[in-house]
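Just structure-v2.pdb here, PDB, C-alpha atoms, pLDDT in the B column:
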```
ATOM      1  CA  MET A   1      17.420  14.618   2.147  1.00 83.00           C
ATOM      2  CA  ARG A   2      16.430  11.401   0.402  1.00 92.00           C
ATOM      3  CA  HIS A   3      12.758  10.738  -0.303  1.00 97.00           C
ATOM      4  CA  GLN A   4      11.455   7.253   0.414  1.00 98.00           C
ATOM      5  CA  LEU A   5       8.994   5.290  -1.707  1.00 97.00           C
ATOM      6  CA  VAL A   6       6.973   2.711   0.251  1.00 98.00           C
ATOM      7  CA  ASN A   7       4.835   0.098  -1.488  1.00 96.00           C
ATOM      8  CA  ILE A   8       2.530  -1.349   1.186  1.00 97.00           C
ATOM      9  CA  ARG A   9       1.544  -4.912   0.324  1.00 94.00           C
ATOM     10  CA  GLY A  10      -0.854  -7.465   1.754  1.00 93.00           C
ATOM     11  CA  CYS A  11      -4.019  -9.397   0.980  1.00 91.00           C
ATOM     12  CA  ASN A  12      -7.631  -8.350   1.536  1.00 91.00           C
ATOM     13  CA  GLY A  13      -8.131  -7.251   5.143  1.00 93.00           C
ATOM     14  CA  SER A  14      -4.415  -6.993   5.941  1.00 95.00           C
ATOM     15  CA  GLY A  15      -4.606  -3.257   6.690  1.00 95.00           C
ATOM     16  CA  LYS A  16      -3.080  -1.615   3.590  1.00 94.00           C
ATOM     17  CA  THR A  17      -5.815   0.955   3.096  1.00 93.00           C
ATOM     18  CA  THR A  18      -6.180   1.523   6.838  1.00 94.00           C
ATOM     19  CA  ILE A  19      -2.570   2.739   6.994  1.00 96.00           C
ATOM     20  CA  VAL A  20      -3.182   5.249   4.202  1.00 96.00           C
ATOM     21  CA  ARG A  21      -6.470   6.400   5.697  1.00 95.00           C
ATOM     22  CA  ARG A  22      -4.700   7.066   8.994  1.00 96.00           C
ATOM     23  CA  PHE A  23      -2.343   9.469   7.202  1.00 97.00           C
ATOM     24  CA  LEU A  24      -5.270  11.109   5.387  1.00 96.00           C
ATOM     25  CA  ASP A  25      -7.540  11.373   8.446  1.00 96.00           C
ATOM     26  CA  LYS A  26      -5.000  12.432  11.082  1.00 97.00           C
ATOM     27  CA  LEU A  27      -2.815  14.878   9.132  1.00 98.00           C
ATOM     28  CA  PRO A  28      -3.367  18.000   6.997  1.00 98.00           C
ATOM     29  CA  THR A  29      -4.113  16.736   3.481  1.00 97.00           C
ATOM     30  CA  GLN A  30      -4.548  18.289   0.050  1.00 96.00           C
ATOM     31  CA  ALA A  31      -6.231  16.398  -2.797  1.00 94.00           C
ATOM     32  CA  LEU A  32      -4.266  16.602  -6.059  1.00 95.00           C
ATOM     33  CA  GLY A  33      -5.529  16.671  -9.653  1.00 89.00           C
ATOM     34  CA  GLY A  34      -8.316  14.637 -11.140  1.00 82.00           C
ATOM     35  CA  ARG A  35     -11.893  15.361 -10.088  1.00 86.00           C
ATOM     36  CA  PRO A  36     -13.135  16.326  -6.608  1.00 84.00           C
ATOM     37  CA  ASP A  37     -14.680  12.858  -6.268  1.00 85.00           C
ATOM     38  CA  LYS A  38     -11.562  11.105  -7.619  1.00 89.00           C
ATOM     39  CA  PRO A  39      -8.244  12.912  -7.148  1.00 93.00           C
ATOM     40  CA  VAL A  40      -5.104  11.336  -8.628  1.00 93.00           C
ATOM     41  CA  GLY A  41      -3.508  11.415  -5.184  1.00 95.00           C
ATOM     42  CA  TYR A  42      -2.874  13.458  -2.061  1.00 97.00           C
ATOM     43  CA  LYS A  43      -0.171  15.603  -0.513  1.00 98.00           C
ATOM     44  CA  VAL A  44       0.074  15.085   3.251  1.00 98.00           C
ATOM     45  CA  ASP A  45       1.864  17.301   5.767  1.00 98.00           C
ATOM     46  CA  ALA A  46       3.279  14.728   8.221  1.00 98.00           C
ATOM     47  CA  SER A  47       5.452  17.212  10.139  1.00 97.00           C
ATOM     48  CA  GLY A  48       3.265  16.545  13.180  1.00 97.00           C
ATOM     49  CA  TRP A  49       4.673  13.012  13.129  1.00 97.00           C
ATOM     50  CA  GLY A  50       8.252  14.255  12.750  1.00 97.00           C
ATOM     51  CA  ILE A  51       8.498  13.813   8.977  1.00 98.00           C
ATOM     52  CA  GLN A  52      10.083  16.802   7.253  1.00 97.00           C
ATOM     53  CA  ALA A  53       9.205  16.156   3.593  1.00 98.00           C
ATOM     54  CA  PRO A  54       5.629  15.981   2.324  1.00 98.00           C
ATOM     55  CA  VAL A  55       4.130  12.529   1.849  1.00 98.00           C
ATOM     56  CA  PHE A  56       2.402  11.849  -1.469  1.00 98.00           C
ATOM     57  CA  ILE A  57      -0.239   9.141  -1.596  1.00 97.00           C
ATOM     58  CA  VAL A  58      -0.945   7.595  -5.001  1.00 96.00           C
ATOM     59  CA  GLY A  59      -4.566   7.022  -6.005  1.00 94.00           C
ATOM     60  CA  SER A  60      -7.967   8.138  -4.789  1.00 93.00           C
ATOM     61  CA  TYR A  61      -9.443   7.228  -1.404  1.00 92.00           C
ATOM     62  CA  GLU A  62     -12.836   8.847  -1.894  1.00 88.00           C
ATOM     63  CA  ASN A  63     -14.566   5.440  -1.928  1.00 79.00           C
ATOM     64  CA  THR A  64     -13.967   2.044  -0.334  1.00 72.00           C
ATOM     65  CA  CYS A  65     -11.802   0.656  -3.162  1.00 70.00           C
ATOM     66  CA  GLY A  66      -8.940   3.092  -3.138  1.00 77.00           C
ATOM     67  CA  GLY A  67      -5.307   3.428  -3.968  1.00 88.00           C
ATOM     68  CA  ALA A  68      -3.608   1.789  -6.909  1.00 88.00           C
ATOM     69  CA  ASP A  69      -6.536  -0.610  -7.411  1.00 87.00           C
ATOM     70  CA  GLY A  70      -8.549   2.353  -8.730  1.00 88.00           C
ATOM     71  CA  ILE A  71      -5.922   3.254 -11.349  1.00 88.00           C
ATOM     72  CA  LYS A  72      -6.489   1.769 -14.808  1.00 88.00           C
ATOM     73  CA  THR A  73      -2.992   0.594 -15.742  1.00 88.00           C
ATOM     74  CA  GLN A  74       0.283  -0.412 -14.107  1.00 87.00           C
ATOM     75  CA  GLU A  75       1.991   2.125 -16.368  1.00 89.00           C
ATOM     76  CA  GLU A  76      -0.128   4.935 -14.919  1.00 91.00           C
ATOM     77  CA  ILE A  77       0.653   3.814 -11.369  1.00 92.00           C
ATOM     78  CA  ALA A  78       4.372   3.869 -12.182  1.00 91.00           C
ATOM     79  CA  GLU A  79       4.069   7.299 -13.827  1.00 93.00           C
ATOM     80  CA  ARG A  80       2.375   8.792 -10.748  1.00 94.00           C
ATOM     81  CA  ILE A  81       5.046   7.337  -8.465  1.00 95.00           C
ATOM     82  CA  VAL A  82       7.906   8.708 -10.557  1.00 95.00           C
ATOM     83  CA  GLN A  83       6.241  12.134 -10.832  1.00 95.00           C
ATOM     84  CA  ALA A  84       5.724  12.492  -7.071  1.00 96.00           C
ATOM     85  CA  LEU A  85       9.033  11.136  -5.719  1.00 96.00           C
ATOM     86  CA  PRO A  86      11.216  14.202  -6.474  1.00 96.00           C
ATOM     87  CA  TYR A  87       8.892  16.297  -4.279  1.00 97.00           C
ATOM     88  CA  GLY A  88       8.574  14.073  -1.205  1.00 98.00           C
ATOM     89  CA  HIS A  89       8.012  10.601   0.177  1.00 98.00           C
ATOM     90  CA  VAL A  90       5.500   8.350  -1.607  1.00 98.00           C
ATOM     91  CA  ILE A  91       3.050   5.699  -0.389  1.00 98.00           C
ATOM     92  CA  VAL A  92       1.370   3.375  -2.871  1.00 96.00           C
ATOM     93  CA  GLU A  93      -0.768   0.344  -2.068  1.00 94.00           C
ATOM     94  CA  GLY A  94      -3.249  -1.981  -3.697  1.00 88.00           C
ATOM     95  CA  LEU A  95      -4.254  -5.619  -3.745  1.00 78.00           C
ATOM     96  CA  LEU A  96      -3.315  -6.148  -7.386  1.00 76.00           C
ATOM     97  CA  MET A  97       0.181  -4.727  -6.795  1.00 76.00           C
ATOM     98  CA  SER A  98       0.540  -6.900  -3.700  1.00 71.00           C
ATOM     99  CA  LYS A  99       0.395 -10.054  -5.795  1.00 72.00           C
ATOM    100  CA  SER A 100       2.877  -8.929  -8.459  1.00 77.00           C
ATOM    101  CA  SER A 101       6.517  -9.942  -8.500  1.00 78.00           C
ATOM    102  CA  ASP A 102       9.699  -8.885 -10.265  1.00 77.00           C
ATOM    103  CA  LYS A 103       8.033  -9.814 -13.578  1.00 78.00           C
ATOM    104  CA  GLY A 104       5.372  -7.101 -13.164  1.00 78.00           C
ATOM    105  CA  HIS A 105       5.569  -3.563 -14.511  1.00 81.00           C
ATOM    106  CA  THR A 106       5.678  -1.543 -11.284  1.00 87.00           C
ATOM    107  CA  ALA A 107       7.985  -3.662  -9.092  1.00 89.00           C
ATOM    108  CA  PRO A 108      11.156  -3.008 -11.131  1.00 90.00           C
ATOM    109  CA  ILE A 109      10.348   0.728 -11.223  1.00 91.00           C
ATOM    110  CA  ILE A 110       9.815   0.792  -7.460  1.00 93.00           C
ATOM    111  CA  ARG A 111      13.115  -1.097  -7.052  1.00 92.00           C
ATOM    112  CA  ASP A 112      14.948   1.296  -9.361  1.00 93.00           C
ATOM    113  CA  HIS A 113      13.775   4.194  -7.181  1.00 94.00           C
ATOM    114  CA  ASN A 114      15.036   2.537  -3.979  1.00 94.00           C
ATOM    115  CA  GLY A 115      11.519   1.673  -2.881  1.00 96.00           C
ATOM    116  CA  ILE A 116      10.659  -0.458   0.107  1.00 97.00           C
ATOM    117  CA  PHE A 117       8.284  -3.368  -0.459  1.00 96.00           C
ATOM    118  CA  ALA A 118       6.552  -3.387   2.939  1.00 97.00           C
ATOM    119  CA  PHE A 119       4.542  -6.590   3.347  1.00 96.00           C
ATOM    120  CA  LEU A 120       2.054  -6.614   6.216  1.00 97.00           C
ATOM    121  CA  ASP A 121       2.454  -9.700   8.403  1.00 97.00           C
ATOM    122  CA  THR A 122      -1.248  -9.833   9.263  1.00 97.00           C
ATOM    123  CA  PRO A 123      -2.338 -13.383  10.213  1.00 96.00           C
ATOM    124  CA  TRP A 124      -4.848 -15.143   7.965  1.00 93.00           C
ATOM    125  CA  ASP A 125      -7.576 -15.302  10.613  1.00 94.00           C
ATOM    126  CA  VAL A 126      -7.342 -11.543  11.258  1.00 96.00           C
ATOM    127  CA  CYS A 127      -7.590 -10.777   7.516  1.00 94.00           C
ATOM    128  CA  LEU A 128     -10.605 -13.068   7.178  1.00 93.00           C
ATOM    129  CA  ASN A 129     -12.359 -11.566  10.211  1.00 93.00           C
ATOM    130  CA  ARG A 130     -11.846  -8.027   8.885  1.00 94.00           C
ATOM    131  CA  VAL A 131     -13.265  -8.931   5.465  1.00 92.00           C
ATOM    132  CA  LEU A 132     -16.276 -10.683   7.007  1.00 90.00           C
ATOM    133  CA  THR A 133     -16.898  -7.657   9.248  1.00 92.00           C
ATOM    134  CA  ARG A 134     -16.771  -5.314   6.224  1.00 88.00           C
ATOM    135  CA  ARG A 135     -19.173  -7.542   4.283  1.00 89.00           C
ATOM    136  CA  ILE A 136     -21.681  -7.515   7.147  1.00 89.00           C
ATOM    137  CA  ALA A 137     -21.382  -3.740   7.593  1.00 89.00           C
ATOM    138  CA  ALA A 138     -22.030  -3.257   3.854  1.00 86.00           C
ATOM    139  CA  GLY A 139     -25.021  -5.600   3.923  1.00 90.00           C
ATOM    140  CA  ASN A 140     -23.293  -7.958   1.508  1.00 89.00           C
ATOM    141  CA  ASP A 141     -24.971 -11.328   1.865  1.00 87.00           C
ATOM    142  CA  LYS A 142     -23.730 -12.833  -1.411  1.00 88.00           C
ATOM    143  CA  GLU A 143     -22.210 -16.286  -1.207  1.00 87.00           C
ATOM    144  CA  PHE A 144     -18.587 -16.063  -0.115  1.00 85.00           C
ATOM    145  CA  ASP A 145     -16.013 -18.829  -0.072  1.00 86.00           C
ATOM    146  CA  PRO A 146     -12.804 -17.417   1.426  1.00 85.00           C
ATOM    147  CA  GLU A 147     -10.866 -20.542   0.485  1.00 85.00           C
ATOM    148  CA  LYS A 148     -11.478 -19.857  -3.225  1.00 81.00           C
ATOM    149  CA  THR A 149     -10.904 -16.111  -3.159  1.00 79.00           C
ATOM    150  CA  MET A 150      -9.082 -14.738  -0.151  1.00 87.00           C
ATOM    151  CA  ARG A 151      -6.866 -17.718   0.603  1.00 88.00           C
ATOM    152  CA  MET A 152      -5.423 -17.573  -2.920  1.00 88.00           C
ATOM    153  CA  ALA A 153      -4.728 -13.821  -2.615  1.00 87.00           C
ATOM    154  CA  TYR A 154      -3.101 -14.400   0.781  1.00 90.00           C
ATOM    155  CA  LYS A 155      -0.812 -17.052  -0.688  1.00 91.00           C
ATOM    156  CA  GLN A 156      -0.030 -14.928  -3.760  1.00 90.00           C
ATOM    157  CA  CYS A 157       0.988 -11.965  -1.595  1.00 89.00           C
ATOM    158  CA  HIS A 158       3.362 -14.123   0.443  1.00 92.00           C
ATOM    159  CA  ARG A 159       4.678 -15.734  -2.725  1.00 93.00           C
ATOM    160  CA  SER A 160       5.329 -12.255  -4.136  1.00 92.00           C
ATOM    161  CA  ALA A 161       7.547 -11.481  -1.135  1.00 94.00           C
ATOM    162  CA  GLU A 162       9.473 -14.714  -1.737  1.00 94.00           C
ATOM    163  CA  LEU A 163       9.899 -14.004  -5.467  1.00 93.00           C
ATOM    164  CA  LEU A 164      11.055 -10.418  -4.941  1.00 94.00           C
ATOM    165  CA  THR A 165      13.554 -11.571  -2.296  1.00 95.00           C
ATOM    166  CA  ALA A 166      14.838 -14.368  -4.527  1.00 94.00           C
ATOM    167  CA  ALA A 167      15.198 -12.005  -7.511  1.00 93.00           C
ATOM    168  CA  GLY A 168      17.665  -9.891  -5.519  1.00 93.00           C
ATOM    169  CA  GLY A 169      17.938  -6.113  -5.437  1.00 93.00           C
ATOM    170  CA  TYR A 170      14.487  -5.614  -3.936  1.00 95.00           C
ATOM    171  CA  ASP A 171      14.204  -4.087  -0.446  1.00 97.00           C
ATOM    172  CA  VAL A 172      11.588  -6.474   0.977  1.00 97.00           C
ATOM    173  CA  ARG A 173      10.564  -5.890   4.592  1.00 97.00           C
ATOM    174  CA  TRP A 174       7.859  -7.244   6.844  1.00 97.00           C
ATOM    175  CA  LEU A 175       5.671  -4.591   8.458  1.00 97.00           C
ATOM    176  CA  SER A 176       4.062  -5.364  11.804  1.00 97.00           C
ATOM    177  CA  TRP A 177       0.300  -5.430  11.423  1.00 97.00           C
ATOM    178  CA  ARG A 178      -0.085  -4.452  15.078  1.00 97.00           C
ATOM    179  CA  ASP A 179       1.582  -1.033  14.623  1.00 97.00           C
ATOM    180  CA  PRO A 180       2.202  -0.416  10.921  1.00 97.00           C
ATOM    181  CA  ILE A 181       2.111   3.389  11.191  1.00 97.00           C
ATOM    182  CA  THR A 182       5.221   3.379  13.366  1.00 97.00           C
ATOM    183  CA  GLY A 183       6.949   1.224  10.759  1.00 98.00           C
ATOM    184  CA  VAL A 184       6.045   3.450   7.795  1.00 98.00           C
ATOM    185  CA  VAL A 185       6.909   6.654   9.678  1.00 98.00           C
ATOM    186  CA  GLY A 186      10.203   4.986  10.649  1.00 97.00           C
ATOM    187  CA  TYR A 187      11.003   4.306   6.972  1.00 98.00           C
ATOM    188  CA  PHE A 188      10.535   8.002   6.171  1.00 98.00           C
ATOM    189  CA  LYS A 189      12.581   9.204   9.142  1.00 97.00           C
ATOM    190  CA  GLU A 190      15.348   6.737   8.268  1.00 97.00           C
ATOM    191  CA  ALA A 191      15.522   8.208   4.744  1.00 97.00           C
ATOM    192  CA  GLU A 192      15.582  11.773   6.076  1.00 97.00           C
ATOM    193  CA  ASN A 193      18.235  11.104   8.696  1.00 94.00           C
ATOM    194  CA  GLY A 194      20.342   8.590   6.792  1.00 83.00           C
TER     195      GLY A 194
END
```
What would the structure in this file look like if it were written as structure tokens?
Amino acid sequence: MRHQLVNIRGCNGSGKTTIVRRFLDKLPTQALGGRPDKPVGYKVDASGWGIQAPVFIVGSYENTCGGADGIKTQEEIAERIVQALPYGHVIVEGLLMSKSSDKGHTAPIIRDHNGIFAFLDTPWDVCLNRVLTRRIAAGNDKEFDPEKTMRMAYKQCHRSAELLTAAGGYDVRWLSWRDPITGVVGYFKEAENG
């Protein structure tokens, strides 16, 4: 059985963290290493969703800014991915990774381990609405200009998909924002059955 590495990519509000939280909230999960308030990752039993191998999630999700964005260096992210992959499937996500291309540190390592670069196709207006909703819920009333911050990240994420595709050798796929769990589960089942 082949284990599949999936790098979920997208801008703020695209749904990256929501996908991971669905795995963590709906399936039996064990925190791994680190501290109780900041594990280095998680081992998830996804057999209830028809996935035979365990799913390892890179990074901590004990606070709102989770995943690879909470890991200090790209080298450490890559190390965690490589350590987990022999034991099961791996999910890694983060905004900073989403904007990197073939010139970054982690993308070539993900490529060399037959990873899928799964870009969420979430429309701009949906991303913006989700971020505004989160800001209101958090009581964040600081000045916010989405054109200067979010719009740039949105463009950089899409540009990253173009650059990885143009570089060749990268498995770049678009993941439906309407039902991303089915897509990610499908990637794992494809690896197990292929």
As JSON, what would the box around stretch 120-139 of chain A look like: edges along x, y and z, 6 Å added on every side, centre and edge lengths in Å to one decimal?
```
{"center_x": -11.3, "center_y": -9.3, "center_z": 7.6, "size_x": 39.5, "size_y": 24.0, "size_z": 19.4}
```
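Here atom CA of A:Tyr187 is placed at a distance of 11.0 Å from atom CA of A:Phe117.
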I'd like the interatomic distance between atom CA of A:His113 and atom CA of A:Pro180, to a tenth of an Å.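 If I compute the distance from atom CA of A:His113 to atom CA of A:Pro180, I get 22.0 Å.
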In Å to one decimal, how far is atom CA of A:Ile109 from atom CA of A:Phe23? 24.0 Å
Test item: the PyMOL selection byres ((chain A and resi 82) around 12) resolved as number ranges by chain: A: 3-5, 56, 58, 75-81, 83-92, 106, 109-115
Using all atoms listed in the file, tabulate the residues of stretch 27-128 of chain A lying at most 12 Å from any atom of stretch 132-143 of chain A, each with its closest atom pair and that distance in Å to one decimal, by chain and increasing residue number, as JSON lines.
```
{"residue": "A:Thr64", "atom": "CA", "partner": "A:Arg134", "partner_atom": "CA", "distance": 10.2}
{"residue": "A:Asp125", "atom": "CA", "partner": "A:Leu132", "partner_atom": "CA", "distance": 10.5}
{"residue": "A:Val126", "atom": "CA", "partner": "A:Leu132", "partner_atom": "CA", "distance": 9.9}
{"residue": "A:Cys127", "atom": "CA", "partner": "A:Leu132", "partner_atom": "CA", "distance": 8.7}
{"residue": "A:Leu128", "atom": "CA", "partner": "A:Leu132", "partner_atom": "CA", "distance": 6.2}
```
Using the chain letters and numbers from the file, give me the residues hit by the PyMOL selection byres ((chain A and resi 155-171) around 8), as a VMD selection string. chain A and resid 9 to 11 98 to 102 111 114 to 117 119 151 to 154 172 to 173
Selection near A:Gly13, 6 Å with all atoms listed in the file, sequence-local residues under 2 positions removed, as a PyMOL selection string: chain A and resi 15+127+130-131
Residues matched by the PyMOL selection byres ((chain A and resi 33) around 12), written as a PyMOL selection string: chain A and resi 30-32+34-43+58-60+80
Got a minute to add all heavy atoms to stretch 107-118 of chain A and dump it as a JSON list (two decimals), keeping the file's coordinate frame?
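As written to disk, out_0.json reads:
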```
[["chain", "number", "residue", "atom", "x", "y", "z"],
["A", 107, "ALA", "N", 6.95, -3.24, -10.06],
["A", 107, "ALA", "CA", 7.98, -3.66, -9.09],
["A", 107, "ALA", "C", 9.39, -3.24, -9.51],
["A", 107, "ALA", "O", 10.13, -2.68, -8.69],
["A", 107, "ALA", "CB", 7.91, -5.17, -8.85],
["A", 108, "PRO", "N", 9.81, -3.46, -10.76],
["A", 108, "PRO", "CA", 11.16, -3.01, -11.13],
["A", 108, "PRO", "C", 11.33, -1.48, -11.04],
["A", 108, "PRO", "O", 12.40, -1.00, -10.68],
["A", 108, "PRO", "CB", 11.31, -3.49, -12.58],
["A", 108, "PRO", "CG", 10.38, -4.64, -12.69],
["A", 108, "PRO", "CD", 9.21, -4.27, -11.82],
["A", 109, "ILE", "N", 10.27, -0.74, -11.32],
["A", 109, "ILE", "CA", 10.35, 0.73, -11.22],
["A", 109, "ILE", "C", 10.47, 1.14, -9.76],
["A", 109, "ILE", "O", 11.27, 2.01, -9.42],
["A", 109, "ILE", "CB", 9.14, 1.38, -11.92],
["A", 109, "ILE", "CG1", 9.27, 1.16, -13.43],
["A", 109, "ILE", "CG2", 9.03, 2.86, -11.58],
["A", 109, "ILE", "CD1", 8.05, 1.51, -14.23],
["A", 110, "ILE", "N", 9.71, 0.50, -8.89],
["A", 110, "ILE", "CA", 9.82, 0.79, -7.46],
["A", 110, "ILE", "C", 11.23, 0.45, -6.98],
["A", 110, "ILE", "O", 11.86, 1.22, -6.26],
["A", 110, "ILE", "CB", 8.73, 0.03, -6.67],
["A", 110, "ILE", "CG1", 7.35, 0.58, -7.01],
["A", 110, "ILE", "CG2", 9.00, 0.10, -5.16],
["A", 110, "ILE", "CD1", 6.19, -0.24, -6.51],
["A", 111, "ARG", "N", 11.74, -0.69, -7.40],
["A", 111, "ARG", "CA", 13.12, -1.10, -7.05],
["A", 111, "ARG", "C", 14.13, -0.08, -7.54],
["A", 111, "ARG", "O", 15.02, 0.34, -6.79],
["A", 111, "ARG", "CB", 13.43, -2.46, -7.66],
["A", 111, "ARG", "CG", 14.87, -2.91, -7.41],
["A", 111, "ARG", "CD", 15.37, -3.92, -8.43],
["A", 111, "ARG", "NE", 15.30, -3.36, -9.77],
["A", 111, "ARG", "CZ", 15.05, -4.08, -10.86],
["A", 111, "ARG", "NH1", 14.85, -5.38, -10.79],
["A", 111, "ARG", "NH2", 14.98, -3.50, -12.05],
["A", 112, "ASP", "N", 13.99, 0.36, -8.77],
["A", 112, "ASP", "CA", 14.95, 1.30, -9.36],
["A", 112, "ASP", "C", 14.93, 2.67, -8.69],
["A", 112, "ASP", "O", 15.86, 3.45, -8.86],
["A", 112, "ASP", "CB", 14.70, 1.44, -10.86],
["A", 112, "ASP", "CG", 15.01, 0.15, -11.63],
["A", 112, "ASP", "OD1", 15.65, -0.76, -11.05],
["A", 112, "ASP", "OD2", 14.59, 0.06, -12.80],
["A", 113, "HIS", "N", 13.87, 2.94, -7.94],
["A", 113, "HIS", "CA", 13.78, 4.19, -7.18],
["A", 113, "HIS", "C", 13.97, 3.95, -5.68],
["A", 113, "HIS", "O", 13.47, 4.70, -4.85],
["A", 113, "HIS", "CB", 12.44, 4.88, -7.48],
["A", 113, "HIS", "CG", 12.40, 5.48, -8.86],
["A", 113, "HIS", "ND1", 12.06, 4.73, -9.97],
["A", 113, "HIS", "CD2", 12.68, 6.71, -9.31],
["A", 113, "HIS", "CE1", 12.13, 5.50, -11.04],
["A", 113, "HIS", "NE2", 12.51, 6.71, -10.67],
["A", 114, "ASN", "N", 14.69, 2.88, -5.36],
["A", 114, "ASN", "CA", 15.04, 2.54, -3.98],
["A", 114, "ASN", "C", 13.82, 2.38, -3.08],
["A", 114, "ASN", "O", 13.86, 2.73, -1.90],
["A", 114, "ASN", "CB", 16.02, 3.56, -3.39],
["A", 114, "ASN", "CG", 17.30, 3.60, -4.17],
["A", 114, "ASN", "OD1", 17.89, 2.56, -4.46],
["A", 114, "ASN", "ND2", 17.72, 4.79, -4.54],
["A", 115, "GLY", "N", 12.74, 1.85, -3.64],
["A", 115, "GLY", "CA", 11.52, 1.67, -2.88],
["A", 115, "GLY", "C", 11.59, 0.49, -1.93],
["A", 115, "GLY", "O", 12.32, -0.47, -2.14],
["A", 116, "ILE", "N", 10.81, 0.62, -0.88],
["A", 116, "ILE", "CA", 10.66, -0.46, 0.11],
["A", 116, "ILE", "C", 9.37, -1.20, -0.21],
["A", 116, "ILE", "O", 8.31, -0.58, -0.39],
["A", 116, "ILE", "CB", 10.60, 0.10, 1.54],
["A", 116, "ILE", "CG1", 11.94, 0.75, 1.92],
["A", 116, "ILE", "CG2", 10.21, -1.00, 2.54],
["A", 116, "ILE", "CD1", 11.91, 1.50, 3.24],
["A", 117, "PHE", "N", 9.46, -2.51, -0.29],
["A", 117, "PHE", "CA", 8.28, -3.37, -0.46],
["A", 117, "PHE", "C", 7.90, -3.84, 0.94],
["A", 117, "PHE", "O", 8.50, -4.77, 1.48],
["A", 117, "PHE", "CB", 8.61, -4.55, -1.38],
["A", 117, "PHE", "CG", 8.93, -4.13, -2.78],
["A", 117, "PHE", "CD1", 10.19, -3.68, -3.13],
["A", 117, "PHE", "CD2", 7.95, -4.15, -3.76],
["A", 117, "PHE", "CE1", 10.49, -3.27, -4.42],
["A", 117, "PHE", "CE2", 8.23, -3.75, -5.06],
["A", 117, "PHE", "CZ", 9.50, -3.30, -5.39],
["A", 118, "ALA", "N", 6.93, -3.14, 1.55],
["A", 118, "ALA", "CA", 6.55, -3.39, 2.94],
["A", 118, "ALA", "C", 5.34, -4.32, 2.99],
["A", 118, "ALA", "O", 4.21, -3.90, 2.76],
["A", 118, "ALA", "CB", 6.25, -2.07, 3.63]]
```
